[in-house]
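Asks: I am sharing coords.csv, which consists of CSV, C-alpha atoms:
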```csv
chain,number,residue,atom,x,y,z
A,13,MET,CA,2.6,16.3,-22.7
A,14,THR,CA,-1.1,15.5,-22.1
A,15,TRP,CA,-2.8,12.3,-23.0
A,16,SER,CA,-6.2,12.0,-24.7
A,17,VAL,CA,-9.1,11.2,-22.3
A,18,ARG,CA,-12.2,9.1,-23.1
A,19,GLN,CA,-15.1,8.4,-20.8
A,20,THR,CA,-16.9,5.1,-20.4
A,21,ARG,CA,-20.7,5.0,-20.0
A,22,ARG,CA,-20.4,4.1,-16.3
A,23,PHE,CA,-18.2,7.2,-15.7
A,24,SER,CA,-20.5,9.6,-17.6
A,25,ARG,CA,-23.5,8.3,-15.6
A,26,GLN,CA,-21.7,8.8,-12.3
A,27,TYR,CA,-20.3,12.2,-13.3
A,28,LYS,CA,-23.8,13.5,-14.1
A,29,LYS,CA,-25.0,12.7,-10.5
A,30,LEU,CA,-22.2,14.7,-8.8
A,31,HIS,CA,-22.9,18.1,-7.3
A,32,ASP,CA,-19.4,19.6,-7.5
A,33,ALA,CA,-18.0,18.5,-10.8
A,34,ALA,CA,-15.2,21.1,-10.8
A,35,ASP,CA,-13.1,19.0,-8.4
A,36,VAL,CA,-13.5,16.0,-10.7
A,37,ASP,CA,-12.5,18.1,-13.7
A,38,SER,CA,-9.3,19.2,-12.0
A,39,ALA,CA,-8.5,15.6,-11.0
A,40,VAL,CA,-9.1,14.5,-14.6
A,41,ALA,CA,-6.7,17.2,-15.8
A,42,GLU,CA,-4.0,16.0,-13.4
A,43,VAL,CA,-4.4,12.5,-14.6
A,44,ALA,CA,-4.2,13.6,-18.2
A,45,GLN,CA,-0.9,15.4,-17.4
A,46,ASN,CA,0.6,12.5,-15.5
A,47,PRO,CA,-1.2,9.2,-15.9
A,48,GLN,CA,1.3,7.4,-13.6
A,49,ILE,CA,0.0,9.5,-10.7
A,50,GLY,CA,-2.7,6.9,-9.8
A,51,GLU,CA,-2.1,3.9,-7.6
A,52,ARG,CA,-2.1,0.6,-9.5
A,53,LYS,CA,-4.5,-2.0,-8.1
A,54,LYS,CA,-3.9,-5.8,-7.7
A,55,GLY,CA,-5.8,-8.9,-8.3
A,56,ASP,CA,-9.1,-8.7,-10.2
A,57,LEU,CA,-8.6,-5.0,-10.9
A,58,ALA,CA,-4.9,-5.2,-12.0
A,59,ALA,CA,-5.4,-3.1,-15.1
A,60,LEU,CA,-7.0,-0.3,-13.0
A,61,ARG,CA,-5.3,2.8,-11.6
A,62,VAL,CA,-7.0,4.9,-8.9
A,63,TYR,CA,-6.4,8.6,-8.2
A,64,LYS,CA,-7.6,9.8,-4.8
A,65,PHE,CA,-8.8,13.4,-4.2
A,66,ARG,CA,-11.1,15.3,-1.8
A,67,THR,CA,-14.2,17.2,-2.7
A,68,GLY,CA,-16.7,18.6,-0.2
A,69,GLY,CA,-14.6,17.2,2.7
A,70,GLN,CA,-15.1,13.6,1.4
A,71,LEU,CA,-12.6,11.3,-0.2
A,72,TYR,CA,-13.4,10.5,-3.9
A,73,LEU,CA,-11.7,8.0,-6.2
A,74,LEU,CA,-11.2,8.3,-9.9
A,75,GLY,CA,-10.6,4.9,-11.6
A,76,TYR,CA,-9.0,4.8,-15.0
A,77,THR,CA,-7.1,2.5,-17.3
A,78,LEU,CA,-4.3,3.3,-19.8
A,79,GLU,CA,-3.8,2.5,-23.4
A,80,GLU,CA,-0.1,3.4,-23.6
A,81,ASP,CA,0.4,2.7,-27.3
A,82,ILE,CA,-1.9,5.4,-28.3
A,83,ARG,CA,-1.6,7.6,-25.2
A,84,LEU,CA,-5.2,7.3,-24.1
A,85,VAL,CA,-6.7,7.4,-20.7
A,86,TYR,CA,-10.1,5.6,-20.2
A,87,LEU,CA,-12.1,7.0,-17.3
A,88,GLU,CA,-13.8,4.0,-15.8
A,89,ALA,CA,-15.5,5.3,-12.6
A,90,VAL,CA,-15.7,8.1,-10.1
A,91,GLY,CA,-17.3,8.2,-6.7
A,92,PRO,CA,-16.8,8.0,-2.9
A,93,HIS,CA,-14.8,5.1,-1.5
A,94,GLU,CA,-17.9,3.3,-0.2
A,95,ASN,CA,-18.6,0.3,-2.5
A,96,PHE,CA,-16.3,1.8,-5.2
A,97,TYR,CA,-14.3,-1.4,-5.8
A,98,ARG,CA,-17.3,-3.7,-5.4
A,99,ASP,CA,-19.2,-1.8,-8.1
A,100,LEU,CA,-16.2,-1.9,-10.5
A,101,LYS,CA,-15.9,-5.7,-10.3
A,102,ARG,CA,-19.4,-6.1,-11.7
```
Taking this structure as input, can you express it in the form of structure tokens?

Replies:
Amino acid sequence: MTWSVRQTRRFSRQYKKLHDAADVDSAVAEVAQNPQIGERKKGDLAALRVYKFRTGGQLYLLGYTLEEDIRLVYLEAVGPHENFYRDLKR
């Protein structure tokens, strides 16, 4: 059973800048099917889960949070590993 998916403004801005959005779309579909697939973070980003996937030979991260009561996935950020966590903490 799929979960509903919502985008934050940060995610939508980062998504527009991507050249190959098809890989991101398939990663979002996988997360919507099974939201527990992402790795749960610790510390400051404890609410965040991260799903790792490859596009264009580079590792990308899809950060999201869950609202389990209403079965909703909030897409927080997408991008390469470089500075991903630093930018999310802001």

Asks: What is the CA of Leu73 (chain A)-CA of Arg25 (chain A) distance in Å, reported with one decimal?

Replies: 15.1 Å

Asks: Between A:Leu30, A:Leu71, A:Val36, A:Leu78, which residue has the minimum interatomic distance to Gly50 (chain A), considering only C-alpha atoms?

Replies: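 Looking at the shortest contact to Gly50 (chain A), the residue is A:Leu78.
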
Asks: Near Leu87 (chain A), counting all atoms listed in the file, which residues have an atom at most 8 Å away, once you skip same-chain residues fewer than 5 positions from it, shown as number ranges by chain?

Replies: A: 17-20, 23, 74-77

Asks: With C-alpha atoms retained, could you export that selection as a compact mmCIF listing (two decimals), in the frame of the given file?

Replies:
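The resulting out.txt:
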```
# COMPACT_ATOMS: atom_id res chain seq x y z
CA VAL A 17 -9.10 11.20 -22.30
CA ARG A 18 -12.20 9.10 -23.10
CA GLN A 19 -15.10 8.40 -20.80
CA THR A 20 -16.90 5.10 -20.40
CA PHE A 23 -18.20 7.20 -15.70
CA LEU A 74 -11.20 8.30 -9.90
CA GLY A 75 -10.60 4.90 -11.60
CA TYR A 76 -9.00 4.80 -15.00
CA THR A 77 -7.10 2.50 -17.30
```

Asks: Write out as a list in words the residues lying within 9 Å of Ile49 (chain A), counting all atoms listed in the file and excluding same-chain residues fewer than 2 positions away.

Replies: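 Listed by chain and then number, they are Glu42, Val43, Gln45, Asn46, Pro47, Glu51, Arg61, Val62 and Tyr63 of chain A.
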
Asks: Mind pulling up the distance from CA of Ser16 (chain A) to CA of Arg83 (chain A)?

Replies: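 For CA of Arg83 (chain A) relative to CA of Ser16 (chain A), the distance reads 6.4 Å.
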
Asks: Using only C-alpha atoms, which of the listed residues (A:Lys64, A:Tyr72, A:His31, A:Met13) sits closest to Asn95 (chain A)?

Replies: A:Tyr72

Asks: Could you check which of A:Ala58, A:Val90, A:Leu100, A:Ala41 is closest to Trp15 (chain A), using all atoms listed in the file?

Replies: A:Ala41

Asks: Take CA of Lys29 (chain A) and CA of Leu60 (chain A) and report the distance between them in Å, one decimal.

Replies: 22.3 Å

Asks: So, with all atoms listed in the file as the atoms that count, which of A:Leu57, A:Gly68, A:Ala39, A:Glu79 lies closest to Phe96 (chain A)?

Replies: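 Result for the nearest residue to Phe96 (chain A): A:Leu57.
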
Asks: Determine the nearest neighbour of Gly69 (chain A) from the options A:Glu94, A:Thr14, A:Val40, A:Asp32, counting all atoms listed in the file.

Replies: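 Nearest candidate to Gly69 (chain A) out of A:Glu94, A:Thr14, A:Val40, A:Asp32: A:Asp32.
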
Asks: Writing all heavy atoms and nothing else, produce region 76-91 of chain A as an mmCIF file, in the first residue's frame.

Replies:
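Below is the file that was written, selection-v3.cif:
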```
data_model
loop_
_atom_site.group_PDB
_atom_site.id
_atom_site.type_symbol
_atom_site.label_atom_id
_atom_site.label_comp_id
_atom_site.auth_asym_id
_atom_site.auth_seq_id
_atom_site.Cartn_x
_atom_site.Cartn_y
_atom_site.Cartn_z
ATOM 1 N N TYR A 76 13.891 12.333 3.750
ATOM 2 C CA TYR A 76 12.449 12.451 3.960
ATOM 3 C C TYR A 76 12.103 12.172 5.415
ATOM 4 O O TYR A 76 12.866 11.572 6.154
ATOM 5 C CB TYR A 76 11.683 11.508 3.039
ATOM 6 C CG TYR A 76 11.958 10.041 3.247
ATOM 7 C CD1 TYR A 76 11.127 9.261 4.039
ATOM 8 C CD2 TYR A 76 13.051 9.426 2.652
ATOM 9 C CE1 TYR A 76 11.381 7.915 4.236
ATOM 10 C CE2 TYR A 76 13.314 8.091 2.830
ATOM 11 C CZ TYR A 76 12.470 7.347 3.625
ATOM 12 O OH TYR A 76 12.734 6.005 3.821
ATOM 13 N N THR A 77 10.930 12.653 5.817
ATOM 14 C CA THR A 77 10.395 12.371 7.144
ATOM 15 C C THR A 77 9.029 11.728 6.965
ATOM 16 O O THR A 77 8.402 11.861 5.914
ATOM 17 C CB THR A 77 10.261 13.654 7.993
ATOM 18 O OG1 THR A 77 9.464 14.602 7.289
ATOM 19 C CG2 THR A 77 11.615 14.256 8.306
ATOM 20 N N LEU A 78 8.590 11.031 8.004
ATOM 21 C CA LEU A 78 7.319 10.308 7.943
ATOM 22 C C LEU A 78 6.327 10.868 8.939
ATOM 23 O O LEU A 78 6.691 11.239 10.052
ATOM 24 C CB LEU A 78 7.533 8.831 8.255
ATOM 25 C CG LEU A 78 8.455 8.047 7.342
ATOM 26 C CD1 LEU A 78 8.608 6.634 7.868
ATOM 27 C CD2 LEU A 78 7.928 8.046 5.931
ATOM 28 N N GLU A 79 5.071 10.901 8.534
ATOM 29 C CA GLU A 79 3.952 11.200 9.416
ATOM 30 C C GLU A 79 3.094 9.933 9.413
ATOM 31 O O GLU A 79 2.238 9.741 8.558
ATOM 32 C CB GLU A 79 3.180 12.411 8.878
ATOM 33 C CG GLU A 79 2.205 13.022 9.828
ATOM 34 C CD GLU A 79 2.881 13.693 11.003
ATOM 35 O OE1 GLU A 79 3.879 14.399 10.807
ATOM 36 O OE2 GLU A 79 2.402 13.475 12.124
ATOM 37 N N GLU A 80 3.393 9.030 10.355
ATOM 38 C CA GLU A 80 2.822 7.689 10.318
ATOM 39 C C GLU A 80 1.314 7.648 10.585
ATOM 40 O O GLU A 80 0.636 6.759 10.097
ATOM 41 C CB GLU A 80 3.566 6.781 11.289
ATOM 42 C CG GLU A 80 5.014 6.635 10.878
ATOM 43 C CD GLU A 80 5.697 5.460 11.506
ATOM 44 O OE1 GLU A 80 5.026 4.498 11.877
ATOM 45 O OE2 GLU A 80 6.929 5.516 11.611
ATOM 46 N N ASP A 81 0.797 8.594 11.370
ATOM 47 C CA ASP A 81 -0.635 8.597 11.676
ATOM 48 C C ASP A 81 -1.492 8.750 10.425
ATOM 49 O O ASP A 81 -2.537 8.117 10.304
ATOM 50 C CB ASP A 81 -0.973 9.724 12.655
ATOM 51 C CG ASP A 81 -0.227 9.584 13.961
ATOM 52 O OD1 ASP A 81 0.193 8.455 14.276
ATOM 53 O OD2 ASP A 81 -0.068 10.598 14.659
ATOM 54 N N ILE A 82 -1.035 9.601 9.512
ATOM 55 C CA ILE A 82 -1.817 9.854 8.299
ATOM 56 C C ILE A 82 -1.164 9.266 7.048
ATOM 57 O O ILE A 82 -1.586 9.574 5.930
ATOM 58 C CB ILE A 82 -2.064 11.360 8.110
ATOM 59 C CG1 ILE A 82 -0.759 12.144 8.136
ATOM 60 C CG2 ILE A 82 -3.011 11.884 9.155
ATOM 61 C CD1 ILE A 82 -0.904 13.625 7.867
ATOM 62 N N ARG A 83 -0.125 8.441 7.231
ATOM 63 C CA ARG A 83 0.575 7.755 6.141
ATOM 64 C C ARG A 83 1.039 8.748 5.068
ATOM 65 O O ARG A 83 0.647 8.675 3.917
ATOM 66 C CB ARG A 83 -0.299 6.667 5.530
ATOM 67 C CG ARG A 83 -0.621 5.565 6.517
ATOM 68 C CD ARG A 83 -1.486 4.480 5.927
ATOM 69 N NE ARG A 83 -0.874 3.786 4.817
ATOM 70 C CZ ARG A 83 -0.033 2.753 4.916
ATOM 71 N NH1 ARG A 83 0.314 2.308 6.090
ATOM 72 N NH2 ARG A 83 0.446 2.178 3.844
ATOM 73 N N LEU A 84 1.894 9.679 5.510
ATOM 74 C CA LEU A 84 2.368 10.735 4.636
ATOM 75 C C LEU A 84 3.898 10.796 4.682
ATOM 76 O O LEU A 84 4.496 10.742 5.750
ATOM 77 C CB LEU A 84 1.784 12.073 5.089
ATOM 78 C CG LEU A 84 2.077 13.288 4.240
ATOM 79 C CD1 LEU A 84 1.468 13.135 2.847
ATOM 80 C CD2 LEU A 84 1.502 14.524 4.904
ATOM 81 N N VAL A 85 4.511 10.914 3.509
ATOM 82 C CA VAL A 85 5.961 11.048 3.374
ATOM 83 C C VAL A 85 6.252 12.485 2.941
ATOM 84 O O VAL A 85 5.751 12.937 1.922
ATOM 85 C CB VAL A 85 6.527 10.075 2.312
ATOM 86 C CG1 VAL A 85 8.004 10.302 2.104
ATOM 87 C CG2 VAL A 85 6.245 8.643 2.693
ATOM 88 N N TYR A 86 7.031 13.209 3.756
ATOM 89 C CA TYR A 86 7.471 14.559 3.403
ATOM 90 C C TYR A 86 8.858 14.470 2.797
ATOM 91 O O TYR A 86 9.800 14.081 3.476
ATOM 92 C CB TYR A 86 7.532 15.459 4.633
ATOM 93 C CG TYR A 86 6.197 15.904 5.151
ATOM 94 C CD1 TYR A 86 5.682 15.386 6.320
ATOM 95 C CD2 TYR A 86 5.454 16.861 4.470
ATOM 96 C CE1 TYR A 86 4.456 15.785 6.803
ATOM 97 C CE2 TYR A 86 4.224 17.275 4.946
ATOM 98 C CZ TYR A 86 3.734 16.739 6.115
ATOM 99 O OH TYR A 86 2.530 17.137 6.596
ATOM 100 N N LEU A 87 8.989 14.859 1.536
ATOM 101 C CA LEU A 87 10.294 14.872 0.878
ATOM 102 C C LEU A 87 11.011 16.154 1.279
ATOM 103 O O LEU A 87 10.567 17.249 0.965
ATOM 104 C CB LEU A 87 10.116 14.806 -0.641
ATOM 105 C CG LEU A 87 9.373 13.572 -1.150
ATOM 106 C CD1 LEU A 87 9.163 13.683 -2.651
ATOM 107 C CD2 LEU A 87 10.112 12.310 -0.796
ATOM 108 N N GLU A 88 12.098 16.011 2.010
ATOM 109 C CA GLU A 88 12.810 17.163 2.566
ATOM 110 C C GLU A 88 13.902 17.697 1.638
ATOM 111 O O GLU A 88 14.036 18.898 1.483
ATOM 112 C CB GLU A 88 13.433 16.798 3.921
ATOM 113 C CG GLU A 88 12.448 16.343 4.950
ATOM 114 C CD GLU A 88 11.608 17.462 5.532
ATOM 115 O OE1 GLU A 88 11.983 18.633 5.378
ATOM 116 O OE2 GLU A 88 10.574 17.147 6.129
ATOM 117 N N ALA A 89 14.712 16.805 1.051
ATOM 118 C CA ALA A 89 15.839 17.259 0.231
ATOM 119 C C ALA A 89 16.306 16.132 -0.675
ATOM 120 O O ALA A 89 16.092 14.956 -0.393
ATOM 121 C CB ALA A 89 16.990 17.715 1.113
ATOM 122 N N VAL A 90 16.952 16.517 -1.759
ATOM 123 C CA VAL A 90 17.581 15.565 -2.669
ATOM 124 C C VAL A 90 18.860 16.210 -3.198
ATOM 125 O O VAL A 90 18.900 17.421 -3.414
ATOM 126 C CB VAL A 90 16.640 15.168 -3.831
ATOM 127 C CG1 VAL A 90 16.317 16.340 -4.731
ATOM 128 C CG2 VAL A 90 17.201 14.015 -4.624
ATOM 129 N N GLY A 91 19.890 15.395 -3.352
ATOM 130 C CA GLY A 91 21.134 15.933 -3.891
ATOM 131 C C GLY A 91 22.287 14.985 -3.684
ATOM 132 O O GLY A 91 22.139 13.935 -3.066
#
```
